[in-house]
file target35.txt (compact mmCIF, C-alpha atoms)
# COMPACT_ATOMS: atom_id res chain seq x y z
CA MET B 1 40.19 79.15 166.04
CA THR B 2 37.25 76.80 166.34
CA PRO B 3 37.53 73.27 164.91
CA GLU B 4 35.12 74.37 162.17
CA GLN B 5 37.38 77.28 161.19
CA LYS B 6 40.46 75.06 161.24
CA MET B 7 38.74 72.59 158.95
CA ALA B 8 37.76 75.36 156.53
CA ALA B 9 41.31 76.77 156.57
CA LEU B 10 42.84 73.36 155.85
CA PHE B 11 40.40 72.73 153.02
CA ALA B 12 41.16 76.16 151.57
CA VAL B 13 44.89 75.39 151.35
CA GLU B 14 44.15 72.65 148.85
CA ALA B 15 42.07 74.82 146.51
CA PRO B 16 43.87 75.37 143.19
CA LEU B 17 44.00 78.79 141.53
CA ALA B 18 40.81 79.82 139.77
CA ARG B 19 42.91 80.31 136.62
CA ASP B 20 45.88 78.03 136.12
CA PHE B 21 47.43 78.76 132.75
CA ALA B 22 49.98 75.95 133.07
CA PHE B 23 47.27 73.35 133.64
CA GLU B 24 45.11 74.76 130.84
CA ALA B 25 48.08 74.79 128.45
CA ARG B 26 48.88 71.16 129.26
CA MET B 27 45.26 70.23 128.58
CA VAL B 28 45.21 72.08 125.26
CA GLN B 29 48.43 70.33 124.28
CA ARG B 30 47.12 66.87 125.21
CA ILE B 31 43.83 67.45 123.40
CA ALA B 32 45.66 68.67 120.28
CA THR B 33 47.85 65.57 120.38
CA ARG B 34 44.82 63.29 120.75
CA ARG B 35 42.99 65.04 117.91
CA PHE B 36 46.04 64.68 115.67
CA GLN B 37 46.32 60.97 116.51
CA ALA B 38 42.60 60.49 115.89
CA ARG B 39 42.85 62.19 112.50
CA ILE B 40 45.80 60.08 111.47
CA ALA B 41 43.98 56.94 112.62
CA ALA B 42 40.90 57.96 110.64
CA MET B 43 43.00 58.62 107.53
CA ILE B 44 44.75 55.24 107.51
CA PRO B 45 41.81 53.13 106.23
CA LEU B 46 40.89 55.82 103.73
CA THR B 47 44.44 55.98 102.45
CA ILE B 48 44.53 52.21 102.10
CA ALA B 49 41.20 52.34 100.24
CA ALA B 50 42.51 55.05 97.91
CA ALA B 51 45.65 53.03 97.21
CA ALA B 52 43.51 49.98 96.48
CA ILE B 53 41.36 51.99 94.07
CA LEU B 54 44.46 53.25 92.27
CA TRP B 55 45.81 49.73 92.07
CA GLY B 56 42.49 48.52 90.69
CA LEU B 57 42.52 51.22 88.05
CA GLN B 58 45.97 50.18 86.84
CA PRO B 59 44.69 48.20 83.80
CA LEU B 60 42.87 51.30 82.57
CA TRP B 61 45.94 53.52 82.55
CA PRO B 62 47.27 52.40 79.14
CA THR B 63 43.88 53.14 77.63
CA VAL B 64 43.79 56.53 79.28
CA GLN B 65 47.33 57.20 78.17
CA ALA B 66 46.56 56.21 74.61
CA THR B 67 43.53 58.46 74.50
CA LEU B 68 45.47 61.35 75.87
CA ALA B 69 48.39 60.63 73.53
CA GLU B 70 46.18 61.28 70.58
CA THR B 71 45.79 64.85 71.73
CA GLY B 72 49.36 65.63 70.76
CA ALA B 73 52.78 64.10 70.41
CA ALA B 74 54.37 66.99 72.27
CA THR B 75 52.85 65.96 75.55
CA ARG B 76 53.63 62.28 75.13
CA ASP B 77 56.68 62.30 77.38
CA LEU B 78 54.76 63.85 80.22
CA LEU B 79 51.74 61.58 80.01
CA PRO B 80 52.70 58.93 82.57
CA ALA B 81 53.53 61.57 85.15
CA LEU B 82 50.36 63.51 84.35
CA VAL B 83 48.16 60.45 84.64
CA LEU B 84 49.73 59.44 87.93
CA THR B 85 49.51 62.98 89.33
CA ALA B 86 45.87 63.33 88.31
CA SER B 87 45.00 59.95 89.80
CA ALA B 88 46.81 60.70 93.04
CA GLY B 89 45.14 64.12 93.22
CA ALA B 90 41.71 62.58 92.71
CA ALA B 91 42.42 59.97 95.38
CA ALA B 92 43.65 62.64 97.80
CA ALA B 93 40.52 64.72 97.16
CA VAL B 94 38.34 61.72 97.92
CA VAL B 95 40.30 61.03 101.12
CA VAL B 96 40.03 64.64 102.30
CA TRP B 97 36.32 64.75 101.48
CA LEU B 98 35.62 61.49 103.31
CA ALA B 99 37.73 62.55 106.30
CA GLY B 100 35.68 65.74 106.57
CA ARG B 101 32.47 63.73 106.46
CA LEU B 102 33.80 61.38 109.14
CA ARG B 103 34.70 64.27 111.44
CA ARG B 104 31.23 65.78 111.09
CA ALA B 105 29.47 62.43 111.47
CA MET F 1 29.64 91.20 126.64
CA ILE F 2 27.59 88.02 126.50
CA VAL F 3 29.03 85.28 128.70
CA ALA F 4 28.46 81.81 127.30
CA THR F 5 26.78 79.43 129.71
CA ASP F 6 28.14 75.99 130.50
CA GLY F 7 25.38 74.59 128.31
CA ASP F 8 26.40 76.76 125.33
CA LEU F 9 30.03 75.74 125.72
CA ALA F 10 29.17 72.07 126.17
CA ARG F 11 27.01 72.08 123.04
CA ALA F 12 29.77 73.80 121.06
CA ALA F 13 32.35 71.34 122.39
CA ARG F 14 30.06 68.46 121.48
CA ALA F 15 29.92 69.85 117.95
CA GLY F 16 33.72 69.65 117.80
CA SER F 17 34.93 73.02 119.09
CA ASP F 18 38.20 72.60 120.97
CA ALA F 19 38.08 76.28 121.92
CA ALA F 20 34.76 75.74 123.70
CA PHE F 21 36.14 72.70 125.47
CA GLY F 22 39.15 74.80 126.51
CA ARG F 23 36.76 77.29 128.11
CA LEU F 24 35.11 74.46 130.01
CA VAL F 25 38.52 73.33 131.26
CA GLN F 26 39.28 76.90 132.30
CA ARG F 27 36.00 77.16 134.22
CA HIS F 28 36.02 73.80 135.95
CA GLN F 29 39.66 72.87 136.44
CA ALA F 30 39.76 74.36 139.93
CA VAL F 31 36.77 72.45 141.27
CA VAL F 32 37.79 69.16 139.64
CA ARG F 33 41.37 69.42 140.87
CA ALA F 34 40.33 70.46 144.37
CA PHE F 35 37.93 67.52 144.55
CA LEU F 36 40.65 65.11 143.42
CA ARG F 37 43.26 66.53 145.79
CA ARG F 38 40.91 66.02 148.72
CA THR F 39 39.65 62.65 147.59
CA LEU F 40 42.97 61.11 146.58
CA GLY F 41 45.26 62.71 149.13
CA GLY F 42 48.97 62.10 148.70
CA GLY F 43 50.80 64.40 146.32
CA TRP F 44 48.99 67.02 144.31
CA ALA F 45 50.80 65.92 141.16
CA GLU F 46 48.87 62.64 141.20
CA ALA F 47 45.56 64.48 141.61
CA ASP F 48 46.47 66.79 138.72
CA ASP F 49 47.35 63.78 136.54
CA VAL F 50 43.94 62.29 137.27
CA ALA F 51 42.35 65.68 136.54
CA GLN F 52 44.00 65.71 133.12
CA GLU F 53 42.80 62.16 132.47
CA THR F 54 39.32 63.29 133.54
CA PHE F 55 39.23 66.15 131.05
CA LEU F 56 40.63 63.96 128.28
CA ALA F 57 37.97 61.33 128.98
CA ALA F 58 35.33 64.06 128.96
CA TRP F 59 36.62 65.39 125.65
CA ARG F 60 36.43 61.90 124.14
CA SER F 61 32.91 61.28 125.39
CA MET F 62 31.29 64.70 124.94
CA ARG F 63 28.62 63.03 122.84
CA SER F 64 27.44 61.04 125.84
CA LEU F 65 26.70 64.22 127.81
CA LYS F 66 22.92 64.23 128.05
CA ASP F 67 22.42 67.47 129.96
CA PRO F 68 24.82 70.17 128.73
CA GLU F 69 23.80 72.50 131.57
CA GLY F 70 24.94 69.89 134.09
CA VAL F 71 28.46 69.66 132.71
CA ARG F 72 30.07 70.37 136.10
CA SER F 73 28.37 67.41 137.78
CA TRP F 74 29.17 65.28 134.75
CA LEU F 75 32.87 66.20 134.95
CA LEU F 76 32.94 65.47 138.67
CA GLY F 77 31.28 62.10 138.02
CA ILE F 78 34.07 61.21 135.60
CA ALA F 79 36.66 62.48 138.10
CA TRP F 80 35.09 60.35 140.83
CA ARG F 81 35.21 57.19 138.72
CA ARG F 82 38.83 57.90 137.81
CA ALA F 83 39.66 58.54 141.47
CA GLN F 84 38.04 55.24 142.46
CA ASP F 85 40.16 53.42 139.88
CA ARG F 86 43.27 55.11 141.25
CA ILE F 87 42.35 54.31 144.84
CA ARG F 88 41.84 50.66 143.93
CA SER F 89 45.09 50.45 141.99
CA VAL F 90 47.75 48.19 143.40
CA GLN F 91 50.40 50.88 143.59
CA ARG F 92 48.34 52.76 146.09
CA GLY F 93 48.85 51.52 149.65
CA ALA F 94 47.01 52.44 152.81
CA ARG F 95 50.08 54.27 154.00
CA ARG F 96 49.65 56.87 151.28
CA ASP F 97 46.22 57.71 152.65
CA ARG F 98 47.75 58.28 156.05
CA ASP F 99 50.27 60.63 154.45
CA TRP F 100 47.41 62.97 153.78
CA LEU F 101 48.36 66.57 153.00
CA ASP F 102 52.02 65.83 153.64
CA ALA F 103 53.09 68.26 150.98
CA VAL F 104 50.69 70.97 152.07
CA GLU F 105 51.80 74.00 154.01
CA THR F 106 50.03 74.75 157.27
CA PRO F 107 47.68 77.76 157.08
CA ALA F 108 48.01 80.61 159.61
CA GLY F 109 46.25 79.91 162.88
CA VAL F 110 46.37 76.14 162.43
CA SER F 111 48.99 74.09 164.20
CA HIS F 112 51.06 71.38 162.58
CA THR F 113 49.40 68.91 164.95
CA ASP F 114 45.96 69.95 163.72
CA ARG F 115 47.09 69.56 160.13
CA MET F 116 48.36 66.07 160.80
CA ALA F 117 45.21 65.19 162.75
CA MET F 118 43.07 66.37 159.84
CA ALA F 119 45.28 64.43 157.44
CA ALA F 120 44.93 61.26 159.47
CA ALA F 121 41.17 61.72 159.85
CA MET F 122 40.70 62.29 156.12
CA GLY F 123 42.82 59.25 155.36
CA GLU F 124 40.68 57.10 157.66
CA LEU F 125 37.43 58.08 155.96
CA ALA F 126 36.06 55.65 153.39
CA PRO F 127 36.61 56.95 149.84
CA ASP F 128 32.95 57.70 149.19
CA VAL F 129 32.62 59.51 152.54
CA ARG F 130 35.75 61.48 151.66
CA ALA F 131 34.28 62.38 148.26
CA CYS F 132 31.08 63.64 149.87
CA VAL F 133 33.08 65.66 152.39
CA ALA F 134 35.26 67.11 149.63
CA LEU F 135 32.29 68.27 147.60
CA CYS F 136 29.84 69.36 150.27
CA LEU F 137 32.04 70.63 153.09
CA ALA F 138 35.06 71.89 151.18
CA ASP F 139 33.52 73.08 147.92
CA GLY F 140 30.04 74.04 149.09
CA PHE F 141 28.09 71.70 146.81
CA SER F 142 24.52 70.92 147.78
CA ASN F 143 23.84 67.35 148.86
CA ALA F 144 21.67 66.88 145.79
CA GLU F 145 24.40 68.04 143.41
CA ALA F 146 26.96 65.83 145.13
CA ALA F 147 24.56 62.88 144.91
CA GLN F 148 24.14 63.49 141.18
CA ALA F 149 27.89 63.85 140.56
CA LEU F 150 28.88 60.81 142.61
CA GLY F 151 25.95 58.63 141.60
CA LEU F 152 24.96 58.04 145.22
CA PRO F 153 21.49 58.21 146.81
CA LEU F 154 20.73 61.55 148.44
CA GLY F 155 20.24 59.99 151.87
CA THR F 156 23.62 58.30 151.64
CA VAL F 157 25.31 61.60 150.79
CA LYS F 158 23.64 63.32 153.73
CA SER F 159 24.74 60.66 156.17
CA HIS F 160 28.26 60.55 154.69
CA VAL F 161 28.62 64.30 155.09
CA LEU F 162 27.38 64.26 158.66
CA ARG F 163 29.58 61.34 159.62
CA GLY F 164 32.64 62.76 157.86
CA ARG F 165 32.17 66.19 159.37
CA ALA F 166 31.83 64.75 162.86
CA LYS F 167 35.05 62.75 162.46
CA LEU F 168 37.03 65.68 161.11
CA LEU F 169 35.79 68.06 163.80
CA LYS F 170 36.55 65.52 166.50
CA ALA F 171 40.08 65.16 165.11
CA LEU F 172 40.46 68.95 165.29
CA GLY F 173 39.43 69.13 168.93
CA GLY F 174 35.68 69.31 168.62
CA PRO F 175 33.25 67.38 170.78
CA ASP F 176 32.60 63.71 170.06
CA ASP F 177 29.10 64.45 168.75
CA ALA F 178 30.16 67.41 166.54

call {"tool": "encode", "arguments": {"input": "target35.txt", "output": "structure tokens"}}
result
Amino acid sequence: MTPEQKMAALFAVEAPLARDFAFEARMVQRIATRRFQARIAAMIPLTIAAAAILWGLQPLWPTVQATLAETGAATRDLLPALVLTASAGAAAAVVVWLAGRLRRA
Amino acid sequence: MIVATDGDLARAARAGSDAAFGRLVQRHQAVVRAFLRRTLGGGWAEADDVAQETFLAAWRSMRSLKDPEGVRSWLLGIAWRRAQDRIRSVQRGARRDRDWLDAVETPAGVSHTDRMAMAAAMGELAPDVRACVALCLADGFSNAEAAQALGLPLGTVKSHVLRGRAKLLKALGGPDDA
């Protein structure tokens, strides 16, 4: 073998497989983990903002409850839970919508 | 079947497609890992770790990719910067460079002495010379593409390749002016 051929043979030994499923799988896993962490990190400020909005709306709840209470005595017992559920749902919708906008931005 | 180009995949990945980025990893993992194995030396596990860091860094900074068609050079540029950081790191001693290819089996027709001589010669090359040798001599890159990937002037790449080749050939029994 000439020195040139020996050099080529030694370089060739180091070449990885053209397809390495183990390496690709590890990369997919690491990227999925990073994306998950990034999403959680992006949600934290939005969640805090939503909680702050809910807290700020607290004084209005009795008014809302009273208005809704007029619609019927039968639903009176469920009103606090309904108001809280509706508020939480609205806040969650806002968070999801803003998170989607952030991802596309 | 239409095969997506690197540019198509890079644009899709930039738009947020993890599947497209996965295809880029599939296409370029071999060249990035080979480059890092030859540039870093030592164990292949370290080179593969740096390769993973390279692809993660690329995934995070897809938006900074200006030329989607040149994604291979861009990935190698990131790999080169990561390799330089690793070479400079305090854990990495000169001895590890001399342990070049220690874990590598000897190919048929090449003696153990030749393998060790090549290992020693590669270890003695300066990192940027080694990077040029890895891309141009081992992977068949053009000097211009290597210059773009490594961020070096074309003339520097040419002289690095010539000097590196001469040293490696001399170590393998070639003439002094190989």

call {"tool": "atom_distance", "arguments": {"input": "target35.txt", "atom1": "CA of Ile53 in chain B", "atom2": "CA of Arg35 in chain B"}}
result
27.2 Å

call {"tool": "interface_residues", "arguments": {"input": "target35.txt", "of": "chain F", "to": "chain B", "cutoff": "9 Å", "atoms": "all atoms listed in the file", "output": "number ranges by chain"}}
result
F: 15-16, 18-19, 22, 25-31, 33-35, 37-38, 44, 48, 52, 55-56, 59, 101, 104-110, 114-115, 118, 134, 137-139, 168-174

call {"tool": "residues_around", "arguments": {"input": "target35.txt", "residues": "Ala93 in chain B", "least_positions_apart": "5", "cutoff": "12 Å", "atoms": "only C-alpha atoms", "output": "list in words"}}
result
Leu46, Thr47, Ala50, Ala86, Ser87, Ala88, Leu98, Ala99 and Gly100 of chain B

call {"tool": "residues_around", "arguments": {"input": "target35.txt", "residues": "range 143-156 of chain F", "least_positions_apart": "6", "cutoff": "7 Å", "atoms": "all atoms listed in the file", "output": "PDB file with C-alpha atoms, in the frame of the given file"}}
result
ATOM      1  CA  SER F  73      28.370  67.410 137.780  1.00  0.00           C
ATOM      2  CA  TRP F  74      29.170  65.280 134.750  1.00  0.00           C
ATOM      3  CA  LEU F  76      32.940  65.470 138.670  1.00  0.00           C
ATOM      4  CA  GLY F  77      31.280  62.100 138.020  1.00  0.00           C
ATOM      5  CA  TRP F  80      35.090  60.350 140.830  1.00  0.00           C
ATOM      6  CA  CYS F 132      31.080  63.640 149.870  1.00  0.00           C
ATOM      7  CA  LEU F 135      32.290  68.270 147.600  1.00  0.00           C
ATOM      8  CA  CYS F 136      29.840  69.360 150.270  1.00  0.00           C
TER       9      CYS F 136
END

call {"tool": "atom_distance", "arguments": {"input": "target35.txt", "atom1": "CA of Val50 in chain F", "atom2": "CA of Gly7 in chain F"}}
result
24.0 Å

call {"tool": "atom_distance", "arguments": {"input": "target35.txt", "atom1": "CA of Ala49 in chain B", "atom2": "CA of Ser17 in chain F"}}
result
28.7 Å

call {"tool": "residues_around", "arguments": {"input": "target35.txt", "residues": "Pro80 in chain B", "least_positions_apart": "6", "cutoff": "10 Å", "atoms": "all atoms listed in the file", "output": "PyMOL selection string"}}
result
chain B and resi 61-62+64-65+86

call {"tool": "axis_aligned_box", "arguments": {"input": "target35.txt", "around": "range 17-24 of chain B", "padding_each_side": "6 Å", "output": "AutoDock Vina command-line options"}}
result
--center_x 45.4 --center_y 76.8 --center_z 136.2 --size_x 21.2 --size_y 19.0 --size_z 22.7

call {"tool": "residues_around", "arguments": {"input": "target35.txt", "residues": "Gly164 in chain F", "least_positions_apart": "4", "cutoff": "9 Å", "atoms": "all atoms listed in the file", "output": "ChimeraX atom specification"}}
result
/F:121-122,125,129-130,132-133,159-160,168-169
